[in-house]
Every structure is written in C-alpha cells, then in structure tokens.
file start-v7.cif (mmCIF, C-alpha atoms)
data_protein
#
loop_
_atom_site.label_atom_id
_atom_site.label_comp_id
_atom_site.auth_asym_id
_atom_site.auth_seq_id
_atom_site.Cartn_x
_atom_site.Cartn_y
_atom_site.Cartn_z
CA MET A 1212 -67.19 -42.37 -17.09
CA SER A 1213 -65.15 -42.77 -20.27
CA ARG A 1214 -65.27 -40.25 -23.08
CA SER A 1215 -67.20 -42.73 -25.23
CA ALA A 1216 -69.90 -42.84 -22.54
CA THR A 1217 -70.27 -39.08 -22.51
CA PRO A 1218 -73.78 -37.68 -22.91
CA ARG A 1219 -74.71 -37.36 -26.56
CA ALA A 1220 -74.87 -33.56 -26.21
CA PHE A 1221 -71.05 -33.38 -26.10
CA ALA A 1222 -70.32 -35.65 -29.08
CA GLY A 1223 -69.97 -32.73 -31.51
CA LEU A 1224 -67.20 -31.22 -29.38
CA ASP A 1225 -64.83 -33.95 -30.59
CA LEU A 1226 -64.51 -32.04 -33.87
CA LEU A 1227 -63.40 -28.73 -32.31
CA ALA A 1228 -59.81 -27.50 -32.51
CA THR A 1229 -60.44 -25.68 -29.20
CA SER A 1230 -59.70 -27.70 -26.06
CA VAL A 1231 -62.90 -28.50 -24.13
CA MET A 1232 -63.35 -30.33 -20.83
CA VAL A 1233 -66.52 -30.91 -18.81
CA LEU A 1234 -66.48 -31.11 -15.02
CA ASP A 1235 -69.12 -32.53 -12.69
CA ASP A 1236 -70.18 -30.94 -9.40
CA LYS A 1237 -67.14 -32.51 -7.67
CA LEU A 1238 -64.81 -30.87 -10.23
CA ARG A 1239 -63.98 -34.25 -11.75
CA LEU A 1240 -63.50 -34.57 -15.50
CA VAL A 1241 -66.39 -36.36 -17.19
CA TYR A 1242 -65.40 -35.44 -20.73
CA VAL A 1243 -62.36 -34.21 -22.68
CA ASN A 1244 -62.21 -33.73 -26.42
CA PRO A 1245 -59.22 -34.79 -28.57
CA ALA A 1246 -57.85 -31.23 -28.55
CA THR A 1247 -57.61 -31.41 -24.74
CA GLU A 1248 -55.89 -34.78 -24.94
CA SER A 1249 -53.32 -33.17 -27.24
CA LEU A 1250 -52.93 -30.11 -25.01
CA LEU A 1251 -52.33 -32.19 -21.87
CA ALA A 1252 -50.43 -34.98 -23.66
CA HIS A 1253 -52.66 -37.63 -22.04
CA GLY A 1254 -55.40 -39.85 -23.37
CA GLY A 1255 -59.02 -39.43 -22.36
CA ARG A 1256 -59.06 -42.75 -20.51
CA LEU A 1257 -56.43 -41.43 -18.09
CA LEU A 1258 -57.97 -37.97 -17.73
CA VAL A 1259 -61.66 -38.75 -17.25
CA GLY A 1260 -62.54 -39.30 -13.61
CA GLN A 1261 -59.64 -37.23 -12.24
CA ARG A 1262 -59.99 -33.99 -10.31
CA LEU A 1263 -58.31 -30.82 -11.54
CA GLY A 1264 -56.19 -30.76 -8.40
CA ALA A 1265 -54.71 -34.14 -9.33
CA LEU A 1266 -53.65 -32.87 -12.75
CA PHE A 1267 -52.35 -29.41 -11.87
CA SER A 1268 -50.38 -28.16 -8.89
CA ASN A 1269 -51.62 -24.56 -8.65
CA VAL A 1270 -55.40 -24.66 -9.04
CA ASP A 1271 -56.65 -24.02 -5.50
CA GLY A 1272 -57.79 -20.47 -6.30
CA PHE A 1273 -59.21 -21.52 -9.67
CA GLU A 1274 -61.14 -24.40 -8.09
CA ASN A 1275 -62.69 -21.96 -5.59
CA ARG A 1276 -63.95 -19.83 -8.50
CA LEU A 1277 -65.35 -22.95 -10.17
CA ARG A 1278 -67.25 -23.92 -6.99
CA GLU A 1279 -68.71 -20.42 -6.82
CA ALA A 1280 -69.76 -20.69 -10.48
CA LEU A 1281 -71.48 -24.01 -9.72
CA ALA A 1282 -73.26 -22.63 -6.67
CA GLU A 1283 -74.45 -19.49 -8.48
CA GLU A 1284 -75.04 -21.23 -11.83
CA ARG A 1285 -73.05 -18.66 -13.74
CA GLY A 1286 -70.04 -18.65 -16.02
CA PHE A 1287 -66.92 -16.51 -16.08
CA TRP A 1288 -63.97 -15.65 -18.30
CA ASP A 1289 -60.31 -15.94 -17.20
CA GLN A 1290 -57.92 -14.34 -19.67
CA ASN A 1291 -54.74 -15.29 -17.85
CA LEU A 1292 -54.99 -18.81 -16.44
CA ASN A 1293 -51.67 -20.49 -15.65
CA LEU A 1294 -51.76 -24.24 -15.05
CA SER A 1295 -48.60 -25.89 -13.75
CA ARG A 1296 -48.03 -29.61 -14.15
CA PRO A 1297 -45.27 -31.69 -12.54
CA ALA A 1298 -42.44 -32.40 -15.03
CA HIS A 1299 -44.20 -30.37 -17.78
CA GLU A 1300 -44.08 -26.79 -18.96
CA THR A 1301 -46.63 -24.37 -17.54
CA LEU A 1302 -49.73 -23.82 -19.68
CA TYR A 1303 -50.83 -20.22 -20.30
CA LEU A 1304 -54.50 -20.15 -21.27
CA ASN A 1305 -57.66 -18.17 -21.86
CA CYS A 1306 -60.51 -20.04 -20.19
CA LEU A 1307 -64.26 -19.63 -20.71
CA VAL A 1308 -66.37 -21.39 -18.05
CA THR A 1309 -70.02 -22.16 -18.85
CA PRO A 1310 -72.64 -24.00 -16.69
CA VAL A 1311 -74.03 -27.16 -18.33
CA GLU A 1312 -76.75 -29.64 -17.43
CA LEU A 1313 -75.54 -33.15 -16.62
CA PRO A 1314 -77.42 -35.63 -14.45
CA GLU A 1315 -76.16 -33.09 -11.91
CA ARG A 1316 -74.88 -29.56 -12.37
CA GLY A 1317 -71.59 -29.25 -14.19
CA LEU A 1318 -69.24 -26.84 -15.95
CA MET A 1319 -67.77 -26.75 -19.43
CA LEU A 1320 -64.28 -25.25 -19.79
CA GLU A 1321 -63.04 -23.97 -23.15
CA LEU A 1322 -59.25 -23.55 -23.10
CA ARG A 1323 -57.26 -21.54 -25.62
CA PRO A 1324 -53.47 -21.32 -25.33
CA ILE A 1325 -52.15 -17.75 -25.22
CA GLU A 1326 -48.52 -18.81 -25.22
CA GLN A 1327 -47.72 -16.79 -28.35
CA ARG A 1328 -49.06 -13.54 -26.88
CA ILE A 1329 -47.39 -14.18 -23.53
CA ARG A 1330 -44.09 -14.98 -25.26
CA ALA A 1331 -44.26 -11.82 -27.41
CA GLU A 1332 -44.88 -9.66 -24.34
CA ARG A 1333 -42.11 -11.43 -22.43
CA GLU A 1334 -39.67 -11.02 -25.32
CA GLU A 1335 -40.44 -7.32 -25.63
CA HIS A 1336 -39.95 -6.80 -21.89
CA GLN A 1337 -36.78 -8.90 -21.96
CA LEU A 1338 -35.32 -6.90 -24.85
CA THR A 1339 -36.13 -3.56 -23.22
CA GLN A 1340 -34.65 -4.70 -19.92
CA HIS A 1341 -31.57 -6.09 -21.64
CA LEU A 1342 -30.88 -2.82 -23.48
CA ALA A 1343 -31.24 -0.88 -20.23
CA ASN A 1344 -28.96 -3.33 -18.40
CA ARG A 1345 -26.37 -3.20 -21.16
CA GLU A 1346 -26.22 0.59 -21.11
CA LEU A 1347 -26.03 0.60 -17.31
CA ILE A 1348 -23.24 -1.98 -17.32
CA ARG A 1349 -21.21 -0.10 -19.93
CA ASN A 1350 -21.44 3.17 -18.02
CA LEU A 1351 -20.74 1.49 -14.69
CA ALA A 1352 -17.78 -0.48 -16.05
CA HIS A 1353 -16.17 2.62 -17.52
CA GLU A 1354 -16.69 4.55 -14.31
CA ILE A 1355 -15.06 1.78 -12.27
CA ARG A 1356 -12.12 1.08 -14.58
CA ASN A 1357 -10.57 4.54 -14.34
CA PRO A 1358 -10.22 4.71 -10.53
CA LEU A 1359 -9.16 1.05 -10.48
CA GLY A 1360 -6.12 1.90 -12.58
CA GLY A 1361 -5.26 4.73 -10.21
CA LEU A 1362 -5.64 2.50 -7.15
CA ARG A 1363 -3.44 -0.20 -8.61
CA GLY A 1364 -0.75 2.26 -9.72
CA SER A 1365 -0.72 3.97 -6.34
CA ALA A 1366 -0.40 0.62 -4.55
CA GLN A 1367 2.58 -0.30 -6.76
CA LEU A 1368 4.31 3.01 -6.04
CA LEU A 1369 3.61 2.65 -2.34
CA GLU A 1370 5.04 -0.87 -2.34
CA ARG A 1371 8.36 0.39 -3.66
CA GLU A 1372 8.65 2.82 -0.75
CA LEU A 1373 7.95 0.26 1.97
CA ASP A 1374 10.94 -1.02 3.96
CA ARG A 1375 9.16 -3.74 5.93
CA PRO A 1376 8.25 -6.82 3.82
CA GLU A 1377 5.22 -7.65 5.97
CA LEU A 1378 3.60 -4.36 4.95
CA LYS A 1379 3.84 -5.35 1.29
CA GLU A 1380 1.21 -8.01 1.96
CA TYR A 1381 -1.35 -5.21 2.24
CA THR A 1382 -0.33 -3.55 -1.01
CA GLN A 1383 -0.49 -6.96 -2.71
CA VAL A 1384 -4.06 -7.35 -1.48
CA ILE A 1385 -4.93 -4.00 -3.10
CA ILE A 1386 -3.20 -4.93 -6.36
CA LYS A 1387 -4.78 -8.40 -6.58
CA GLU A 1388 -8.26 -7.12 -5.77
CA ALA A 1389 -7.86 -4.34 -8.35
CA ASP A 1390 -6.85 -6.96 -10.92
CA ARG A 1391 -9.84 -9.12 -10.01
CA LEU A 1392 -12.24 -6.21 -10.43
CA GLN A 1393 -10.53 -5.24 -13.69
CA ALA A 1394 -11.10 -8.77 -15.01
CA LEU A 1395 -14.76 -8.52 -14.00
CA MET A 1396 -15.11 -5.20 -15.84
CA ASP A 1397 -13.51 -6.76 -18.95
CA ARG A 1398 -16.04 -9.60 -18.82
CA LEU A 1399 -18.89 -7.10 -18.53
CA LEU A 1400 -17.70 -5.20 -21.60
CA THR A 1401 -16.67 -8.18 -23.77
CA PRO A 1402 -20.17 -9.16 -25.00
CA HIS A 1403 -20.57 -5.89 -26.87
CA ARG A 1404 -18.38 -7.24 -29.69
CA LEU A 1405 -20.53 -7.85 -32.75
CA PRO A 1406 -20.71 -11.48 -33.98
CA HIS A 1407 -18.27 -12.80 -36.57
CA THR A 1408 -20.62 -14.89 -38.70
CA VAL A 1409 -19.76 -18.06 -40.59
CA THR A 1410 -21.84 -20.86 -42.04
CA MET A 1411 -22.41 -23.35 -39.23
CA ASN A 1412 -24.59 -26.14 -37.87
CA ILE A 1413 -26.22 -26.00 -34.46
CA HIS A 1414 -25.17 -29.57 -33.69
CA GLU A 1415 -21.51 -28.55 -33.86
CA VAL A 1416 -22.32 -26.22 -30.97
CA CYS A 1417 -24.23 -28.90 -29.05
CA GLU A 1418 -21.48 -31.50 -29.41
CA ARG A 1419 -18.77 -29.08 -28.37
CA VAL A 1420 -20.74 -28.05 -25.29
CA ARG A 1421 -21.52 -31.67 -24.48
CA SER A 1422 -17.84 -32.65 -24.55
CA LEU A 1423 -16.81 -29.65 -22.43
CA ILE A 1424 -19.46 -30.30 -19.77
CA LEU A 1425 -18.68 -34.02 -19.54
CA ALA A 1426 -14.99 -33.17 -19.15
CA GLU A 1427 -15.81 -30.67 -16.40
CA PHE A 1428 -18.27 -33.02 -14.65
CA PRO A 1429 -16.88 -36.50 -15.40
CA SER A 1430 -19.13 -38.44 -13.02
CA GLY A 1431 -22.73 -38.38 -11.88
CA LEU A 1432 -24.10 -36.56 -14.94
CA SER A 1433 -25.77 -37.86 -18.10
CA ILE A 1434 -26.23 -35.67 -21.19
CA ARG A 1435 -28.76 -37.05 -23.65
CA ARG A 1436 -28.99 -36.00 -27.29
CA ASP A 1437 -32.34 -35.42 -28.96
CA TYR A 1438 -31.38 -33.89 -32.29
CA ASP A 1439 -33.32 -33.12 -35.44
CA THR A 1440 -30.54 -33.72 -37.96
CA SER A 1441 -32.58 -32.12 -40.76
CA ILE A 1442 -31.98 -28.60 -39.36
CA PRO A 1443 -30.16 -26.67 -42.12
CA GLU A 1444 -26.97 -24.67 -41.68
CA PHE A 1445 -27.25 -20.97 -40.85
CA GLN A 1446 -25.08 -17.88 -40.39
CA GLY A 1447 -23.80 -17.40 -36.87
CA ASP A 1448 -20.81 -16.72 -34.62
CA ARG A 1449 -19.69 -20.18 -33.55
CA GLU A 1450 -17.73 -19.05 -30.50
CA GLN A 1451 -20.50 -16.81 -29.18
CA LEU A 1452 -23.14 -19.52 -29.53
CA ILE A 1453 -20.89 -22.14 -27.95
CA GLN A 1454 -20.36 -19.79 -25.00
CA ALA A 1455 -24.10 -19.06 -24.71
CA VAL A 1456 -25.12 -22.74 -24.70
CA LEU A 1457 -22.16 -23.64 -22.47
CA ASN A 1458 -23.21 -21.07 -19.86
CA VAL A 1459 -26.78 -22.40 -19.79
CA THR A 1460 -25.69 -26.06 -19.68
CA ARG A 1461 -23.04 -25.45 -17.03
CA ASN A 1462 -25.64 -23.73 -14.84
CA ALA A 1463 -27.85 -26.80 -15.22
CA ALA A 1464 -25.00 -29.16 -14.33
CA GLN A 1465 -24.08 -27.11 -11.25
CA ALA A 1466 -27.71 -27.07 -10.11
CA LEU A 1467 -27.97 -30.84 -10.59
CA LEU A 1468 -24.75 -31.79 -8.82
CA GLY A 1469 -24.33 -28.92 -6.37
CA ALA A 1470 -26.72 -30.29 -3.74
CA GLY A 1471 -25.41 -33.84 -3.74
CA GLY A 1472 -27.09 -35.06 -6.89
CA VAL A 1473 -30.63 -35.79 -7.98
CA LYS A 1474 -32.65 -38.83 -7.02
CA GLY A 1475 -32.81 -41.15 -10.00
CA GLY A 1476 -29.76 -39.64 -11.68
CA ALA A 1477 -28.80 -36.18 -12.91
CA GLU A 1478 -29.70 -35.73 -16.57
CA ILE A 1479 -29.49 -32.91 -19.09
CA ARG A 1480 -31.17 -33.24 -22.48
CA LEU A 1481 -30.08 -31.23 -25.51
CA SER A 1482 -33.01 -31.06 -27.93
CA THR A 1483 -33.11 -29.39 -31.36
CA ARG A 1484 -36.12 -28.82 -33.59
CA VAL A 1485 -37.21 -26.70 -36.54
CA VAL A 1486 -40.04 -24.22 -35.95
CA ARG A 1487 -41.87 -22.37 -38.70
CA GLN A 1488 -43.51 -18.95 -38.95
CA VAL A 1489 -42.16 -17.62 -35.68
CA THR A 1490 -41.93 -14.03 -34.41
CA LEU A 1491 -38.64 -13.09 -32.74
CA ALA A 1492 -38.01 -9.59 -31.41
CA LYS A 1493 -41.04 -8.25 -33.36
CA ARG A 1494 -39.87 -9.74 -36.68
CA ARG A 1495 -41.51 -12.65 -38.45
CA TYR A 1496 -39.29 -15.50 -39.71
CA ARG A 1497 -40.34 -18.33 -41.96
CA LEU A 1498 -37.89 -20.76 -40.39
CA ALA A 1499 -36.05 -20.87 -37.06
CA LEU A 1500 -34.26 -23.44 -34.94
CA GLU A 1501 -35.22 -24.29 -31.39
CA LEU A 1502 -32.57 -25.52 -28.97
CA GLN A 1503 -33.76 -26.67 -25.57
CA VAL A 1504 -31.52 -27.42 -22.58
CA ILE A 1505 -33.66 -29.48 -20.21
CA ASP A 1506 -32.60 -30.74 -16.79
CA ASN A 1507 -34.31 -32.74 -14.06
CA GLY A 1508 -32.91 -30.64 -11.22
CA PRO A 1509 -34.55 -28.82 -8.31
CA GLY A 1510 -35.68 -25.83 -10.39
CA ILE A 1511 -34.84 -22.15 -10.22
CA PRO A 1512 -35.51 -20.39 -6.88
CA ALA A 1513 -38.74 -18.41 -7.08
CA GLU A 1514 -37.08 -15.28 -5.72
CA ILE A 1515 -34.84 -14.92 -8.80
CA SER A 1516 -37.12 -16.35 -11.50
CA ASP A 1517 -38.14 -12.88 -12.74
CA THR A 1518 -34.59 -11.49 -12.70
CA LEU A 1519 -32.80 -14.57 -14.00
CA PHE A 1520 -31.08 -12.81 -16.91
CA PHE A 1521 -30.17 -9.67 -14.97
CA PRO A 1522 -26.43 -9.12 -14.46
CA LEU A 1523 -24.92 -10.15 -11.13
CA VAL A 1524 -28.00 -12.21 -10.17
CA SER A 1525 -27.10 -15.76 -9.15
CA GLY A 1526 -28.91 -18.55 -7.36
CA ARG A 1527 -25.64 -20.28 -6.50
CA GLU A 1528 -23.26 -19.30 -3.74
CA GLY A 1529 -20.07 -18.00 -5.29
CA GLY A 1530 -21.64 -17.52 -8.72
CA SER A 1531 -20.75 -14.39 -10.69
CA GLY A 1532 -24.27 -13.87 -12.02
CA LEU A 1533 -22.92 -13.16 -15.51
CA GLY A 1534 -23.37 -16.51 -17.26
CA LEU A 1535 -27.01 -16.12 -18.28
CA THR A 1536 -26.59 -12.40 -18.96
CA LEU A 1537 -23.83 -13.21 -21.45
CA ALA A 1538 -25.91 -16.03 -22.95
CA GLN A 1539 -28.82 -13.64 -23.49
CA THR A 1540 -26.53 -11.05 -25.08
CA PHE A 1541 -24.99 -13.54 -27.51
CA VAL A 1542 -28.39 -14.95 -28.48
CA GLN A 1543 -29.75 -11.46 -29.09
CA HIS A 1544 -26.72 -10.68 -31.26
CA HIS A 1545 -28.15 -13.40 -33.54
CA HIS A 1546 -31.65 -11.83 -33.51
CA GLY A 1547 -32.86 -14.68 -31.32
CA VAL A 1548 -34.47 -15.02 -27.93
CA ILE A 1549 -33.82 -17.13 -24.84
CA GLU A 1550 -36.46 -17.96 -22.25
CA CYS A 1551 -36.87 -20.24 -19.28
CA ASP A 1552 -39.64 -22.33 -17.76
CA SER A 1553 -38.81 -23.94 -14.44
CA GLN A 1554 -40.42 -26.04 -11.77
CA PRO A 1555 -39.07 -28.76 -9.48
CA GLY A 1556 -38.04 -31.74 -11.58
CA ARG A 1557 -37.88 -29.95 -14.91
CA THR A 1558 -36.15 -26.73 -15.99
CA THR A 1559 -36.14 -25.81 -19.68
CA PHE A 1560 -34.05 -23.11 -21.30
CA ARG A 1561 -35.34 -22.51 -24.83
CA ILE A 1562 -33.18 -20.73 -27.41
CA LEU A 1563 -34.81 -19.68 -30.69
CA LEU A 1564 -32.57 -18.52 -33.56
CA PRO A 1565 -33.73 -17.48 -37.03
CA ILE A 1566 -32.40 -19.62 -39.88
CA GLU A 1567 -33.83 -17.67 -42.81
CA PRO A 1568 -34.13 -13.89 -43.31
CA ALA A 1569 -37.18 -12.17 -41.93
CA ALA A 1570 -40.34 -12.57 -43.98
CA ALA A 1571 -41.23 -9.72 -46.33
CA GLY A 1572 -43.19 -6.98 -44.62
CA ALA A 1573 -42.15 -8.17 -41.16
#
call {"tool": "encode", "arguments": {"input": "start-v7.cif", "output": "structure tokens"}}
result
Amino acid sequence: MSRSATPRAFAGLDLLATSVMVLDDKLRLVYVNPATESLLAHGGRLLVGQRLGALFSNVDGFENRLREALAEERGFWDQNLNLSRPAHETLYLNCLVTPVELPERGLMLELRPIEQRIRAEREEHQLTQHLANRELIRNLAHEIRNPLGGLRGSAQLLERELDRPELKEYTQVIIKEADRLQALMDRLLTPHRLPHTVTMNIHEVCERVRSLILAEFPSGLSIRRDYDTSIPEFQGDREQLIQAVLNVTRNAAQALLGAGGVKGGAEIRLSTRVVRQVTLAKRRYRLALELQVIDNGPGIPAEISDTLFFPLVSGREGGSGLGLTLAQTFVQHHHGVIECDSQPGRTTFRILLPIEPAAAGA
C-alpha cells in the first residue's frame, strides 16, 4: 500500500512536524508521513510495505512489545528507544504507541528525536569523567616520575661499577625502560598546556591531516573531502587541533587497514558543516563548526565503546590508548566536544567547536 493509498483518516498527519508511522498487524509499515521520510532519509515508496526488522537491526525486543500491544489492544510509551540502521547513525527517540483501527488491527507510532537531551547528558558525563581522569593522570604521572629518576640514576651508577660487559646489558634494559616510561609520563602531562590561539580556518587543519595520513598510509586508503567552504575563521590553537584530528583520523586508518583492508575499498571522509544555536559544555553558542571523520571500517569493539576516551584504553594491539584521550583534551581546551557513533560499516567521530562567543545569558 503506498502512502497515497492510505486510509483517509491518516491524511492530516502529513502536516505534522512529528514523525508518524502506522503498522499493520504483521508490523509492516502501511503509512509514513513526510517527517518520517526525513527522519529515515528514505521516501515513502521505499518504506511502505517493509517490516521494522528490515529497516532496523536491533528491534527484536521492541517488536515483542508491539505484538503484546496489538494482542492486548493497548498503547505504551518508550522514552529511550534506540534504533540502529546499517551504515547510518543510531536514532535516539521518544516513542508513543497507540492502537488504531485499520481493516485489521494496527498501531500508530509517534517518534520524537531526543538526540539533543542524550547529547547534553553524554557531554556532561564526558566532561566530568575527563576532569577526573586528568587529575588522576597528573597525580599518577608525578608519583611515577620521581622513582623513575632514581631507578635510572642507580642503574647508571651500577653500570660504572660492573667489570663484565655482559652484565651491562641488564643495566641498559633498566635505563631504556626507564626512559620509555619517562616519555610516556611526558606525553600524559603535555596536554595540560593551555592553547596558543591564532586566527585560523578548520580546512587548514583538515588538509594538513589529510596530507600526513596519505603520507603515512600511501596505498589502499582513500580520503574524501566534503567541505563547507563558507565556514568562517575562528580563534584556535592550530597545532593542538591538528594533533586532535590527526589522532582520530589515524585511528580510523589503522582500523581500516589493520585487518587486511575493507571490502570495496577503505575510505575516510572529512566533512565540515556550520551548526547554529548549539549547546556545548552547558553553554549556548550562536554558531559552531562541525567536523566529522567518517570511515567505512569494522566499527569500534563493543567492549570499549563506553570507555573509548579513557586513557590507556585501546582496541588495537600495541596501541598506547592515549590518542583519543589527547584528542578529547585538545578539543575541550577549545570549549568543544567530541563524540562517537559506531557500528559495522560506519564509524563517525564528530567534533563540535564554537566559532562565536557564547550567547548572552548562556
């Protein structure tokens, strides 16, 4: 049944800004309004007639609730419905389910995105966790650095007293490992330098990162530009932002090429857009820039998805687990936020940075 053949009772729903879909007793779509077409980025002709399970990959539990609602002829309210779609970002929704009369029993679903509330809660949790991590790292790094210096100095003194050259191999192991740990401590403490701001353009950052990644991975990887060249200049630390975007993009490249490549070709897309009236770290900005690093790789392992930005957490063997932590720190130095949405075939890191000062009263 096409949307134009929908029962006359649903015709007025075409005018609503709220997304509405109607399901029959087999949980097939018999009607979607234009707002739903926009939400799902598909036309009604493609959507009508399909089952929910064909559109979304995580609806088994939700479908069971819908069948119960059909059997008992009752509605329900789901305030935290997450719908995952292959090669698309996850939808976070409020959903009101209401029984309706079709030629057979059916259900009407009203869907309202709650992405803004979810993002605000996630940003607040991320900021709190980041501040706690930063304080922990600073204290831990200082506690480790002092005995490291003593260990290294003692190994050097011991080496001078050794007569047998073969024994010096052991003192060299101590010295080299102390130096390696010292370098790690320096990396943990480096991000606490405040940004040195200059007038800059985000595309300078993107182009620098693009050239560095293509030099590091000269074959098997495509980096596509999708720039909004109207984005104005802003105040930022060029080197910190280059490092932040480089860390994210390098992680994507390593994920794409580390397991022998991706079927159909490994691709990273750098996308920039302007967003308006956005809240970042509890402050409202009239204008901000959005930089997305999107790859078609295998996705982030589920076991680290909630701790992705924690220090020393890595999904790659041999990884330091500091790249994304440093990226988050540098972005937050610019009063911005970084977030990730990942599923097999599409991982998106989204960086939001304010361009204009916070709105009055924010």
call {"tool": "resolve_selection", "arguments": {"input": "start-v7.cif", "expression": "the PyMOL selection byres ((chain A and resi 1411-1425) around 10)", "output": "PyMOL selection string"}}
result
chain A and resi 1408-1410+1426-1436+1438-1440+1442-1461+1464+1479-1483+1500-1502+1504+1564
call {"tool": "residues_near_point", "arguments": {"input": "start-v7.cif", "point": "(-7.8, 0.5, -8.3)", "cutoff": "9 Å", "atoms": "only C-alpha atoms", "output": "list of chain:residue names"}}
result
A:Ile1355, A:Arg1356, A:Asn1357, A:Pro1358, A:Leu1359, A:Gly1360, A:Gly1361, A:Leu1362, A:Arg1363, A:Gly1364, A:Ser1365, A:Ala1366, A:Ile1385, A:Ile1386, A:Glu1388, A:Ala1389, A:Asp1390, A:Leu1392, A:Gln1393
call {"tool": "write_last_selection", "arguments": {"input": "start-v7.cif", "atoms": "C-alpha atoms", "output": "compact mmCIF listing (two decimals), in the coordinates of the input"}}
result
# COMPACT_ATOMS: atom_id res chain seq x y z
CA ILE A 1355 -15.06 1.78 -12.27
CA ARG A 1356 -12.12 1.08 -14.58
CA ASN A 1357 -10.57 4.54 -14.34
CA PRO A 1358 -10.22 4.71 -10.53
CA LEU A 1359 -9.16 1.05 -10.48
CA GLY A 1360 -6.12 1.90 -12.58
CA GLY A 1361 -5.26 4.73 -10.21
CA LEU A 1362 -5.64 2.50 -7.15
CA ARG A 1363 -3.44 -0.20 -8.61
CA GLY A 1364 -0.75 2.26 -9.72
CA SER A 1365 -0.72 3.97 -6.34
CA ALA A 1366 -0.40 0.62 -4.55
CA ILE A 1385 -4.93 -4.00 -3.10
CA ILE A 1386 -3.20 -4.93 -6.36
CA GLU A 1388 -8.26 -7.12 -5.77
CA ALA A 1389 -7.86 -4.34 -8.35
CA ASP A 1390 -6.85 -6.96 -10.92
CA LEU A 1392 -12.24 -6.21 -10.43
CA GLN A 1393 -10.53 -5.24 -13.69
call {"tool": "resolve_selection", "arguments": {"input": "start-v7.cif", "expression": "the PyMOL selection byres ((chain A and resi 1298-1304) around 12)", "output": "count of residues only"}}
result
51
call {"tool": "resolve_selection", "arguments": {"input": "start-v7.cif", "expression": "the PyMOL selection byres ((chain A and resi 1313) around 10)", "output": "list in words"}}
result
Thr1217, Pro1218, Ala1220, Val1233, Leu1234, Asp1235, Asp1236, Val1241, Pro1310, Val1311, Glu1312, Pro1314, Glu1315, Arg1316, Gly1317 and Leu1318 of chain A
call {"tool": "atom_distance", "arguments": {"input": "start-v7.cif", "atom1": "atom CA of A:Val1485", "atom2": "atom CA of A:Ala1246"}}
result
22.6 Å
call {"tool": "atom_distance", "arguments": {"input": "start-v7.cif", "atom1": "atom CA of A:Gln1465", "atom2": "atom CA of A:Leu1535"}}
result
13.4 Å
call {"tool": "atom_distance", "arguments": {"input": "start-v7.cif", "atom1": "atom CA of A:Met1319", "atom2": "atom CA of A:Gly1264"}}
result
16.5 Å
call {"tool": "residues_near_point", "arguments": {"input": "start-v7.cif", "point": "(-38.5, -15.0, -35.4)", "cutoff": "9 Å", "atoms": "all atoms listed in the file", "output": "PyMOL selection string"}}
result
chain A and resi 1487-1499+1546-1548+1563-1566+1569
